[in-house]
file model-v1.txt (compact mmCIF, C-alpha atoms)
# COMPACT_ATOMS: atom_id res chain seq x y z
CA MET D 289 32.36 -23.36 16.45
CA GLU D 290 35.40 -21.94 18.27
CA GLN D 291 34.74 -18.60 16.56
CA PHE D 292 31.15 -18.66 17.81
CA ARG D 293 32.35 -19.51 21.32
CA LYS D 294 34.54 -16.38 21.26
CA LYS D 295 31.59 -14.35 19.98
CA ILE D 296 29.44 -15.57 22.89
CA LYS D 297 32.15 -14.66 25.40
CA THR D 298 32.42 -11.14 23.94
CA ARG D 299 28.65 -10.84 23.99
CA MET D 300 28.51 -11.92 27.62
CA LEU D 301 31.09 -9.26 28.50
CA LEU D 302 29.02 -6.57 26.77
CA ILE D 303 25.82 -7.78 28.47
CA SER D 304 27.58 -7.64 31.84
CA ILE D 305 28.72 -4.05 31.22
CA VAL D 306 25.21 -2.91 30.23
CA LEU D 307 23.79 -4.79 33.22
CA LEU D 308 26.17 -2.95 35.54
CA VAL D 309 25.09 0.38 34.00
CA PHE D 310 21.41 -0.53 34.59
CA VAL D 311 22.12 -1.55 38.19
CA ALA D 312 24.08 1.70 38.75
CA ILE D 313 21.12 3.72 37.37
CA LEU D 314 18.72 1.81 39.65
CA LEU D 315 20.92 2.39 42.71
CA TYR D 316 21.30 6.09 41.88
CA ASN D 317 17.56 6.46 41.33
CA GLN D 318 16.85 4.73 44.63
CA PHE D 319 19.38 6.46 46.86
CA GLY D 320 20.96 9.42 45.04
CA ALA D 321 18.20 11.16 43.07
CA SER D 322 16.60 14.32 44.45
CA ASP D 323 12.87 14.42 45.31
CA ALA D 324 12.24 17.00 42.56
CA LEU D 325 13.68 14.58 40.00
CA LYS D 326 11.60 11.70 41.32
CA ASP D 327 8.36 13.50 40.43
CA SER D 328 9.00 13.42 36.68
CA LEU D 329 7.53 10.91 34.27
CA ALA D 330 10.94 10.39 32.64
CA PHE D 331 12.36 9.31 36.00
CA SER D 332 9.64 6.68 36.52
CA PHE D 333 10.16 5.42 32.97
CA GLN D 334 13.92 5.23 33.52
CA CYS D 335 13.39 3.17 36.71
CA GLY D 336 11.02 0.77 34.94
CA LEU D 337 13.25 0.42 31.89
CA SER D 338 16.36 -0.22 34.01
CA ALA D 339 14.59 -2.81 36.18
CA SER D 340 13.00 -4.70 33.27
CA GLY D 341 16.17 -4.34 31.19
CA SER D 342 18.21 -5.85 34.04
CA LEU D 343 15.89 -8.86 34.23
CA VAL D 344 16.09 -9.45 30.47
CA LEU D 345 19.89 -9.12 30.52
CA VAL D 346 20.22 -11.58 33.43
CA PHE D 347 18.07 -14.08 31.52
CA TRP D 348 20.19 -13.58 28.40
CA LEU D 349 23.40 -13.92 30.39
CA VAL D 350 22.24 -17.23 31.92
CA LYS D 351 21.16 -18.54 28.48
CA ASN D 352 24.57 -17.76 26.97
CA ARG D 353 26.42 -19.13 30.00
CA ARG D 354 24.52 -22.44 29.74
CA ALA D 355 25.27 -22.65 26.02
CA LEU D 356 28.98 -22.17 26.69
CA SER D 357 29.08 -25.04 29.16
CA ASP D 358 27.14 -27.50 26.96
CA GLU D 359 28.28 -28.34 23.41
CA ALA D 360 24.80 -29.46 22.27
CA LYS D 361 23.20 -26.23 23.52
CA LEU D 362 25.96 -24.19 21.88
CA ARG D 363 25.32 -25.93 18.55
CA LEU D 364 21.58 -25.30 18.95
CA LEU D 365 22.17 -21.62 19.70
CA TYR D 366 24.51 -21.38 16.69
CA ASN D 367 21.86 -22.95 14.45
CA GLN D 368 19.17 -20.61 15.80
CA GLU D 369 21.28 -17.51 15.27
CA ASN D 370 22.49 -18.50 11.80
CA ASP D 371 19.21 -19.92 10.53
CA GLU D 372 18.66 -18.54 7.01
CA ARG D 373 14.86 -18.52 7.27
CA MET D 374 14.91 -16.46 10.47
CA SER D 375 17.52 -14.14 8.93
CA ALA D 376 15.15 -13.55 6.00
CA ILE D 377 12.22 -12.94 8.39
CA ARG D 378 14.27 -10.55 10.50
CA ALA D 379 15.29 -8.64 7.36
CA LYS D 380 11.63 -8.31 6.32
CA ALA D 381 10.77 -7.02 9.82
CA GLY D 382 13.46 -4.34 9.51
CA ILE D 383 15.75 -5.81 12.15
CA PRO D 384 18.27 -4.50 13.21
CA MET D 385 17.45 -1.01 11.89
CA VAL D 386 14.14 -0.76 13.77
CA LEU D 387 15.88 -1.78 17.01
CA ILE D 388 18.66 0.78 16.50
CA LEU D 389 16.16 3.57 15.73
CA SER D 390 13.95 2.58 18.68
CA MET D 391 16.91 2.61 21.05
CA ALA D 392 17.94 6.05 19.77
CA LEU D 393 14.37 7.34 20.26
CA VAL D 394 14.13 5.90 23.79
CA LEU D 395 17.54 7.31 24.74
CA GLY D 396 16.63 10.71 23.27
CA GLY D 397 13.24 10.56 24.98
CA MET D 398 14.78 9.80 28.36
CA ILE D 399 17.09 12.80 28.12
CA ILE D 400 14.45 15.20 26.75
CA GLY D 401 11.93 13.86 29.29
CA TYR D 402 13.56 15.89 32.05
CA PHE D 403 12.81 19.11 30.11
CA ASN D 404 9.58 18.41 28.21
CA GLU D 405 7.17 15.61 29.03
CA THR D 406 5.11 15.95 25.84
CA VAL D 407 8.14 15.34 23.61
CA PHE D 408 9.12 12.46 25.90
CA VAL D 409 5.72 10.75 25.50
CA ILE D 410 5.79 11.26 21.71
CA LEU D 411 9.30 9.83 21.31
CA ILE D 412 8.60 6.80 23.51
CA GLY D 413 5.26 6.30 21.71
CA VAL D 414 6.94 6.34 18.31
CA ALA D 415 9.59 3.87 19.52
CA LEU D 416 6.92 1.51 20.90
CA PHE D 417 4.81 1.83 17.76
CA GLN D 418 7.64 0.91 15.41
CA LEU D 419 8.66 -1.98 17.68
CA LEU D 420 5.08 -3.28 17.65
CA VAL D 421 4.85 -2.96 13.85
CA SER D 422 8.17 -4.80 13.46
CA LEU D 423 6.98 -7.53 15.85
CA GLY D 424 3.70 -7.84 13.92
CA VAL D 425 5.54 -8.16 10.59
CA LYS D 426 7.92 -10.72 12.11
CA LEU D 427 5.05 -12.84 13.46
CA TYR D 428 3.23 -12.61 10.11
CA TYR D 429 6.25 -13.85 8.15
CA MET D 430 7.00 -16.55 10.74
CA LYS D 431 3.56 -17.91 9.91
CA MET D 432 3.85 -17.40 6.16
CA MET D 433 7.41 -18.63 5.59
CA MET R 1034 8.72 -25.85 -4.07
CA ASN R 1035 8.02 -29.57 -3.59
CA THR R 1036 10.70 -31.70 -2.01
CA LYS R 1037 11.30 -35.33 -1.11
CA ILE R 1038 12.81 -34.46 2.27
CA LYS R 1039 9.94 -35.94 4.28
CA GLU R 1040 10.08 -39.26 2.42
CA LEU R 1041 13.88 -39.39 2.68
CA ARG R 1042 13.70 -38.68 6.38
CA LYS R 1043 11.17 -41.46 6.87
CA GLU R 1044 13.42 -43.86 4.94
CA LYS R 1045 16.40 -42.95 7.11
CA LYS R 1046 14.21 -42.86 10.24
CA ILE R 1047 15.44 -39.48 11.38
CA SER R 1048 13.50 -36.61 12.87
CA GLN R 1049 13.32 -33.02 11.61
CA GLU R 1050 15.38 -32.03 14.64
CA GLN R 1051 18.16 -34.46 13.73
CA LEU R 1052 18.22 -33.31 10.13
CA ALA R 1053 18.21 -29.67 11.21
CA ASN R 1054 21.17 -30.24 13.54
CA ALA R 1055 23.07 -32.12 10.85
CA VAL R 1056 22.71 -29.37 8.24
CA GLY R 1057 23.03 -26.44 10.65
CA THR R 1058 19.53 -25.04 10.68
CA THR R 1059 16.42 -25.17 12.88
CA ARG R 1060 13.56 -27.66 13.02
CA GLN R 1061 11.13 -24.89 12.02
CA THR R 1062 13.06 -24.25 8.81
CA ILE R 1063 13.01 -27.94 7.89
CA THR R 1064 9.24 -27.97 8.53
CA SER R 1065 8.75 -24.91 6.31
CA ILE R 1066 10.84 -26.46 3.50
CA GLU R 1067 8.93 -29.75 3.75
CA VAL R 1068 5.53 -28.09 3.46
CA GLY R 1069 6.73 -25.78 0.67
CA LYS R 1070 6.36 -22.53 2.58
CA TYR R 1071 10.04 -21.70 2.33
CA THR R 1072 12.53 -22.33 -0.47
CA ALA R 1073 15.96 -23.27 0.82
CA SER R 1074 19.03 -21.34 -0.30
CA LEU R 1075 21.44 -23.07 -2.65
CA ALA R 1076 23.86 -23.72 0.23
CA LEU R 1077 21.19 -25.29 2.46
CA ALA R 1078 19.72 -27.31 -0.42
CA TYR R 1079 23.22 -28.62 -1.16
CA LYS R 1080 23.80 -29.56 2.51
CA ILE R 1081 20.45 -31.41 2.67
CA ALA R 1082 21.12 -33.26 -0.58
CA ARG R 1083 24.64 -34.21 0.54
CA TYR R 1084 23.27 -35.41 3.87
CA PHE R 1085 21.08 -37.92 2.02
CA GLY R 1086 23.86 -38.76 -0.44
CA LEU R 1087 21.87 -37.39 -3.38
CA THR R 1088 22.03 -34.47 -5.81
CA ILE R 1089 19.95 -31.32 -5.34
CA GLU R 1090 17.71 -32.27 -8.28
CA GLU R 1091 16.96 -35.64 -6.67
CA VAL R 1092 15.73 -33.98 -3.46
CA PHE R 1093 14.08 -30.81 -4.76
CA ASP R 1094 11.47 -30.66 -7.51
CA PHE R 1095 12.48 -28.10 -10.13
CA SER R 1096 9.72 -28.90 -12.65
CA GLN R 1097 7.94 -25.58 -12.05
CA ILE R 1098 11.19 -23.63 -12.50
CA ASP R 1099 11.99 -25.68 -15.62
CA SER R 1100 8.65 -24.64 -17.13
CA GLU R 1101 9.54 -20.98 -16.60
CA ILE R 1102 12.70 -21.23 -18.72
CA GLU R 1103 12.09 -20.06 -22.28
CA PRO R 1104 13.46 -22.46 -24.89
CA GLU R 1105 16.09 -21.10 -27.28

call {"tool": "encode", "arguments": {"input": "model-v1.txt", "output": "structure tokens"}}
result
Amino acid sequence: MEQFRKKIKTRMLLISIVLLVFVAILLYNQFGASDALKDSLAFSFQCGLSASGSLVLVFWLVKNRRALSDEAKLRLLYNQENDERMSAIRAKAGIPMVLILSMALVLGGMIIGYFNETVFVILIGVALFQLLVSLGVKLYYMKMM
Amino acid sequence: MNTKIKELRKEKKISQEQLANAVGTTRQTITSIEVGKYTASLALAYKIARYFGLTIEEVFDFSQIDSEIEPE
């Protein structure tokens, strides 16, 4: 369990770093971005993604913090993360590969979005589609297994 | 696969949650094993059997698997 505790601490550090990046992006978008930049679709998407991503990360941070301070919650979190049935379901749903590919598509889309909106929409659409398919498969197997 | 987990739990008067915590899994997994939707891995089956102080064969029903083995 001590190993898992260390893992949670490292995870919390990584979450905090990503959270800071999201907050920095939000602050730049609010106060530093030019008006010409603010007109693009990619800019609006980046604002929405940073804001929603920040909320999710704060929730995740609080969940991990609570687990660290309570042995029973830590054990529960350990069991949830190492549950063999869920591992099998996640593997069937293509996790983590689908998440990695989706993140790469979103990141690529956000960069290309400043040059070509059509490519941006296609890349984000593909990322969302594969995430939805993965979620659907996961829900199906959660019911079947 | 059929199991005697539910009956053994009732005998010991423990909940699925308690069993799940004791063997390091989730309540949902215990439910799935009990209703036969999910077949536990060898490691988990061993943990469950040991928890009840029994052997794997005494907790899990292998009759269907036995029928699939071709005699020499």

call {"tool": "residues_around", "arguments": {"input": "model-v1.txt", "residues": "region 418-423 of chain D", "least_positions_apart": "2", "cutoff": "7 Å", "atoms": "all atoms listed in the file", "output": "list in words"}}
result
Ala381, Gly382, Val386, Val414, Ala415, Leu416, Val425, Lys426 and Leu427 of chain D

call {"tool": "residues_near_point", "arguments": {"input": "model-v1.txt", "point": "(17.5, -39.3, 12.1)", "cutoff": "12 Å", "atoms": "all atoms listed in the file", "output": "ChimeraX atom specification"}}
result
/R:1038-1039,1041-1056,1084-1085

call {"tool": "closest_atom_pairs", "arguments": {"input": "model-v1.txt", "of": "chain D", "to": "chain R", "cutoff": "7 Å", "atoms": "only C-alpha atoms", "output": "CSV"}}
result
residue,atom,partner,partner_atom,distance
D:Asn367,CA,R:Thr1058,CA,4.9
D:Gln368,CA,R:Thr1059,CA,6.1
D:Asp371,CA,R:Thr1058,CA,5.1
D:Arg373,CA,R:Thr1062,CA,6.2
D:Met432,CA,R:Lys1070,CA,6.7
D:Met433,CA,R:Lys1070,CA,5.0

call {"tool": "atom_distance", "arguments": {"input": "model-v1.txt", "atom1": "CA of Phe310 (chain D)", "atom2": "CA of Leu395 (chain D)"}}
result
13.2 Å

call {"tool": "atom_distance", "arguments": {"input": "model-v1.txt", "atom1": "CA of Leu315 (chain D)", "atom2": "CA of Lys297 (chain D)"}}
result
26.8 Å

call {"tool": "atom_distance", "arguments": {"input": "model-v1.txt", "atom1": "CA of Gln1097 (chain R)", "atom2": "CA of Glu1040 (chain R)"}}
result
20.0 Å

call {"tool": "residues_near_point", "arguments": {"input": "model-v1.txt", "point": "(16.6, -5.9, 32.7)", "cutoff": "12 Å", "atoms": "only C-alpha atoms", "output": "tab-separated table (two decimals) with C-alpha atoms, in the frame of the given file"}}
result
chain	number	residue	atom	x	y	z
D	303	ILE	CA	25.82	-7.78	28.47
D	304	SER	CA	27.58	-7.64	31.84
D	306	VAL	CA	25.21	-2.91	30.23
D	307	LEU	CA	23.79	-4.79	33.22
D	308	LEU	CA	26.17	-2.95	35.54
D	309	VAL	CA	25.09	0.38	34.00
D	310	PHE	CA	21.41	-0.53	34.59
D	311	VAL	CA	22.12	-1.55	38.19
D	313	ILE	CA	21.12	3.72	37.37
D	314	LEU	CA	18.72	1.81	39.65
D	334	GLN	CA	13.92	5.23	33.52
D	335	CYS	CA	13.39	3.17	36.71
D	336	GLY	CA	11.02	0.77	34.94
D	337	LEU	CA	13.25	0.42	31.89
D	338	SER	CA	16.36	-0.22	34.01
D	339	ALA	CA	14.59	-2.81	36.18
D	340	SER	CA	13.00	-4.70	33.27
D	341	GLY	CA	16.17	-4.34	31.19
D	342	SER	CA	18.21	-5.85	34.04
D	343	LEU	CA	15.89	-8.86	34.23
D	344	VAL	CA	16.09	-9.45	30.47
D	345	LEU	CA	19.89	-9.12	30.52
D	346	VAL	CA	20.22	-11.58	33.43
D	347	PHE	CA	18.07	-14.08	31.52
D	348	TRP	CA	20.19	-13.58	28.40
D	349	LEU	CA	23.40	-13.92	30.39

call {"tool": "closest_residue", "arguments": {"input": "model-v1.txt", "among": "R:Asn1035, R:Glu1067, R:Gly1086, R:Ala1078", "to": "Ile1098 (chain R)", "atoms": "only C-alpha atoms"}}
result
R:Asn1035

call {"tool": "closest_residue", "arguments": {"input": "model-v1.txt", "among": "D:Leu302, D:Met374, D:Leu387, D:Met398", "to": "Ser332 (chain D)", "atoms": "only C-alpha atoms"}}
result
D:Met398

call {"tool": "residues_around", "arguments": {"input": "model-v1.txt", "residues": "Ile400 (chain D)", "least_positions_apart": "3", "cutoff": "12 Å", "atoms": "all atoms listed in the file", "output": "PDB file with C-alpha atoms, keeping the file's coordinate frame"}}
result
ATOM      1  CA  SER D 328       9.000  13.420  36.680  1.00  0.00           C
ATOM      2  CA  LEU D 329       7.530  10.910  34.270  1.00  0.00           C
ATOM      3  CA  ALA D 330      10.940  10.390  32.640  1.00  0.00           C
ATOM      4  CA  PHE D 331      12.360   9.310  36.000  1.00  0.00           C
ATOM      5  CA  LEU D 393      14.370   7.340  20.260  1.00  0.00           C
ATOM      6  CA  VAL D 394      14.130   5.900  23.790  1.00  0.00           C
ATOM      7  CA  LEU D 395      17.540   7.310  24.740  1.00  0.00           C
ATOM      8  CA  GLY D 396      16.630  10.710  23.270  1.00  0.00           C
ATOM      9  CA  GLY D 397      13.240  10.560  24.980  1.00  0.00           C
ATOM     10  CA  PHE D 403      12.810  19.110  30.110  1.00  0.00           C
ATOM     11  CA  ASN D 404       9.580  18.410  28.210  1.00  0.00           C
ATOM     12  CA  GLU D 405       7.170  15.610  29.030  1.00  0.00           C
ATOM     13  CA  THR D 406       5.110  15.950  25.840  1.00  0.00           C
ATOM     14  CA  VAL D 407       8.140  15.340  23.610  1.00  0.00           C
ATOM     15  CA  PHE D 408       9.120  12.460  25.900  1.00  0.00           C
ATOM     16  CA  VAL D 409       5.720  10.750  25.500  1.00  0.00           C
ATOM     17  CA  ILE D 410       5.790  11.260  21.710  1.00  0.00           C
ATOM     18  CA  LEU D 411       9.300   9.830  21.310  1.00  0.00           C
ATOM     19  CA  ILE D 412       8.600   6.800  23.510  1.00  0.00           C
TER      20      ILE D 412
END

call {"tool": "residues_around", "arguments": {"input": "model-v1.txt", "residues": "Leu1075 (chain R)", "least_positions_apart": "3", "cutoff": "12 Å", "atoms": "all atoms listed in the file", "output": "ChimeraX atom specification"}}
result
/D:372 /R:1072,1078-1082,1088-1090,1093

call {"tool": "build_atoms", "arguments": {"input": "model-v1.txt", "residues": "region 372-390 of chain D", "atoms": "N, CA and C atoms", "output": "PDB file, in the coordinates of the input"}}
result
ATOM      1  N   GLU D 372      18.898 -19.434   8.153  1.00  0.00           N
ATOM      2  CA  GLU D 372      18.660 -18.540   7.010  1.00  0.00           C
ATOM      3  C   GLU D 372      17.210 -18.067   6.914  1.00  0.00           C
ATOM      4  N   ARG D 373      16.265 -18.918   7.328  1.00  0.00           N
ATOM      5  CA  ARG D 373      14.860 -18.520   7.270  1.00  0.00           C
ATOM      6  C   ARG D 373      14.593 -17.372   8.253  1.00  0.00           C
ATOM      7  N   MET D 374      15.116 -17.509   9.479  1.00  0.00           N
ATOM      8  CA  MET D 374      14.910 -16.460  10.470  1.00  0.00           C
ATOM      9  C   MET D 374      15.636 -15.176  10.069  1.00  0.00           C
ATOM     10  N   SER D 375      16.793 -15.322   9.410  1.00  0.00           N
ATOM     11  CA  SER D 375      17.520 -14.140   8.930  1.00  0.00           C
ATOM     12  C   SER D 375      16.659 -13.388   7.907  1.00  0.00           C
ATOM     13  N   ALA D 376      16.006 -14.164   7.028  1.00  0.00           N
ATOM     14  CA  ALA D 376      15.150 -13.550   6.000  1.00  0.00           C
ATOM     15  C   ALA D 376      13.947 -12.858   6.669  1.00  0.00           C
ATOM     16  N   ILE D 377      13.373 -13.514   7.675  1.00  0.00           N
ATOM     17  CA  ILE D 377      12.220 -12.940   8.390  1.00  0.00           C
ATOM     18  C   ILE D 377      12.630 -11.663   9.116  1.00  0.00           C
ATOM     19  N   ARG D 378      13.783 -11.729   9.779  1.00  0.00           N
ATOM     20  CA  ARG D 378      14.270 -10.550  10.500  1.00  0.00           C
ATOM     21  C   ARG D 378      14.500  -9.382   9.527  1.00  0.00           C
ATOM     22  N   ALA D 379      15.039  -9.698   8.354  1.00  0.00           N
ATOM     23  CA  ALA D 379      15.290  -8.640   7.360  1.00  0.00           C
ATOM     24  C   ALA D 379      13.971  -8.002   6.910  1.00  0.00           C
ATOM     25  N   LYS D 380      12.933  -8.830   6.732  1.00  0.00           N
ATOM     26  CA  LYS D 380      11.630  -8.310   6.320  1.00  0.00           C
ATOM     27  C   LYS D 380      11.024  -7.430   7.413  1.00  0.00           C
ATOM     28  N   ALA D 381      11.313  -7.782   8.681  1.00  0.00           N
ATOM     29  CA  ALA D 381      10.770  -7.020   9.820  1.00  0.00           C
ATOM     30  C   ALA D 381      11.617  -5.783  10.140  1.00  0.00           C
ATOM     31  N   GLY D 382      12.648  -5.548   9.330  1.00  0.00           N
ATOM     32  CA  GLY D 382      13.460  -4.340   9.510  1.00  0.00           C
ATOM     33  C   GLY D 382      14.463  -4.419  10.639  1.00  0.00           C
ATOM     34  N   ILE D 383      14.771  -5.637  11.074  1.00  0.00           N
ATOM     35  CA  ILE D 383      15.750  -5.810  12.150  1.00  0.00           C
ATOM     36  C   ILE D 383      17.132  -5.930  11.504  1.00  0.00           C
ATOM     37  N   PRO D 384      18.164  -5.221  11.940  1.00  0.00           N
ATOM     38  CA  PRO D 384      18.270  -4.500  13.210  1.00  0.00           C
ATOM     39  C   PRO D 384      17.948  -3.009  13.158  1.00  0.00           C
ATOM     40  N   MET D 385      17.627  -2.456  11.971  1.00  0.00           N
ATOM     41  CA  MET D 385      17.450  -1.010  11.890  1.00  0.00           C
ATOM     42  C   MET D 385      16.354  -0.488  12.819  1.00  0.00           C
ATOM     43  N   VAL D 386      15.236  -1.208  12.899  1.00  0.00           N
ATOM     44  CA  VAL D 386      14.140  -0.760  13.770  1.00  0.00           C
ATOM     45  C   VAL D 386      14.605  -0.729  15.228  1.00  0.00           C
ATOM     46  N   LEU D 387      15.391  -1.728  15.625  1.00  0.00           N
ATOM     47  CA  LEU D 387      15.880  -1.780  17.010  1.00  0.00           C
ATOM     48  C   LEU D 387      16.824  -0.609  17.291  1.00  0.00           C
ATOM     49  N   ILE D 388      17.698  -0.318  16.319  1.00  0.00           N
ATOM     50  CA  ILE D 388      18.660   0.780  16.500  1.00  0.00           C
ATOM     51  C   ILE D 388      17.903   2.120  16.613  1.00  0.00           C
ATOM     52  N   LEU D 389      16.931   2.325  15.700  1.00  0.00           N
ATOM     53  CA  LEU D 389      16.160   3.570  15.730  1.00  0.00           C
ATOM     54  C   LEU D 389      15.349   3.690  17.008  1.00  0.00           C
ATOM     55  N   SER D 390      14.761   2.560  17.458  1.00  0.00           N
ATOM     56  CA  SER D 390      13.950   2.580  18.680  1.00  0.00           C
ATOM     57  C   SER D 390      14.823   2.917  19.890  1.00  0.00           C
TER      58      SER D 390
END
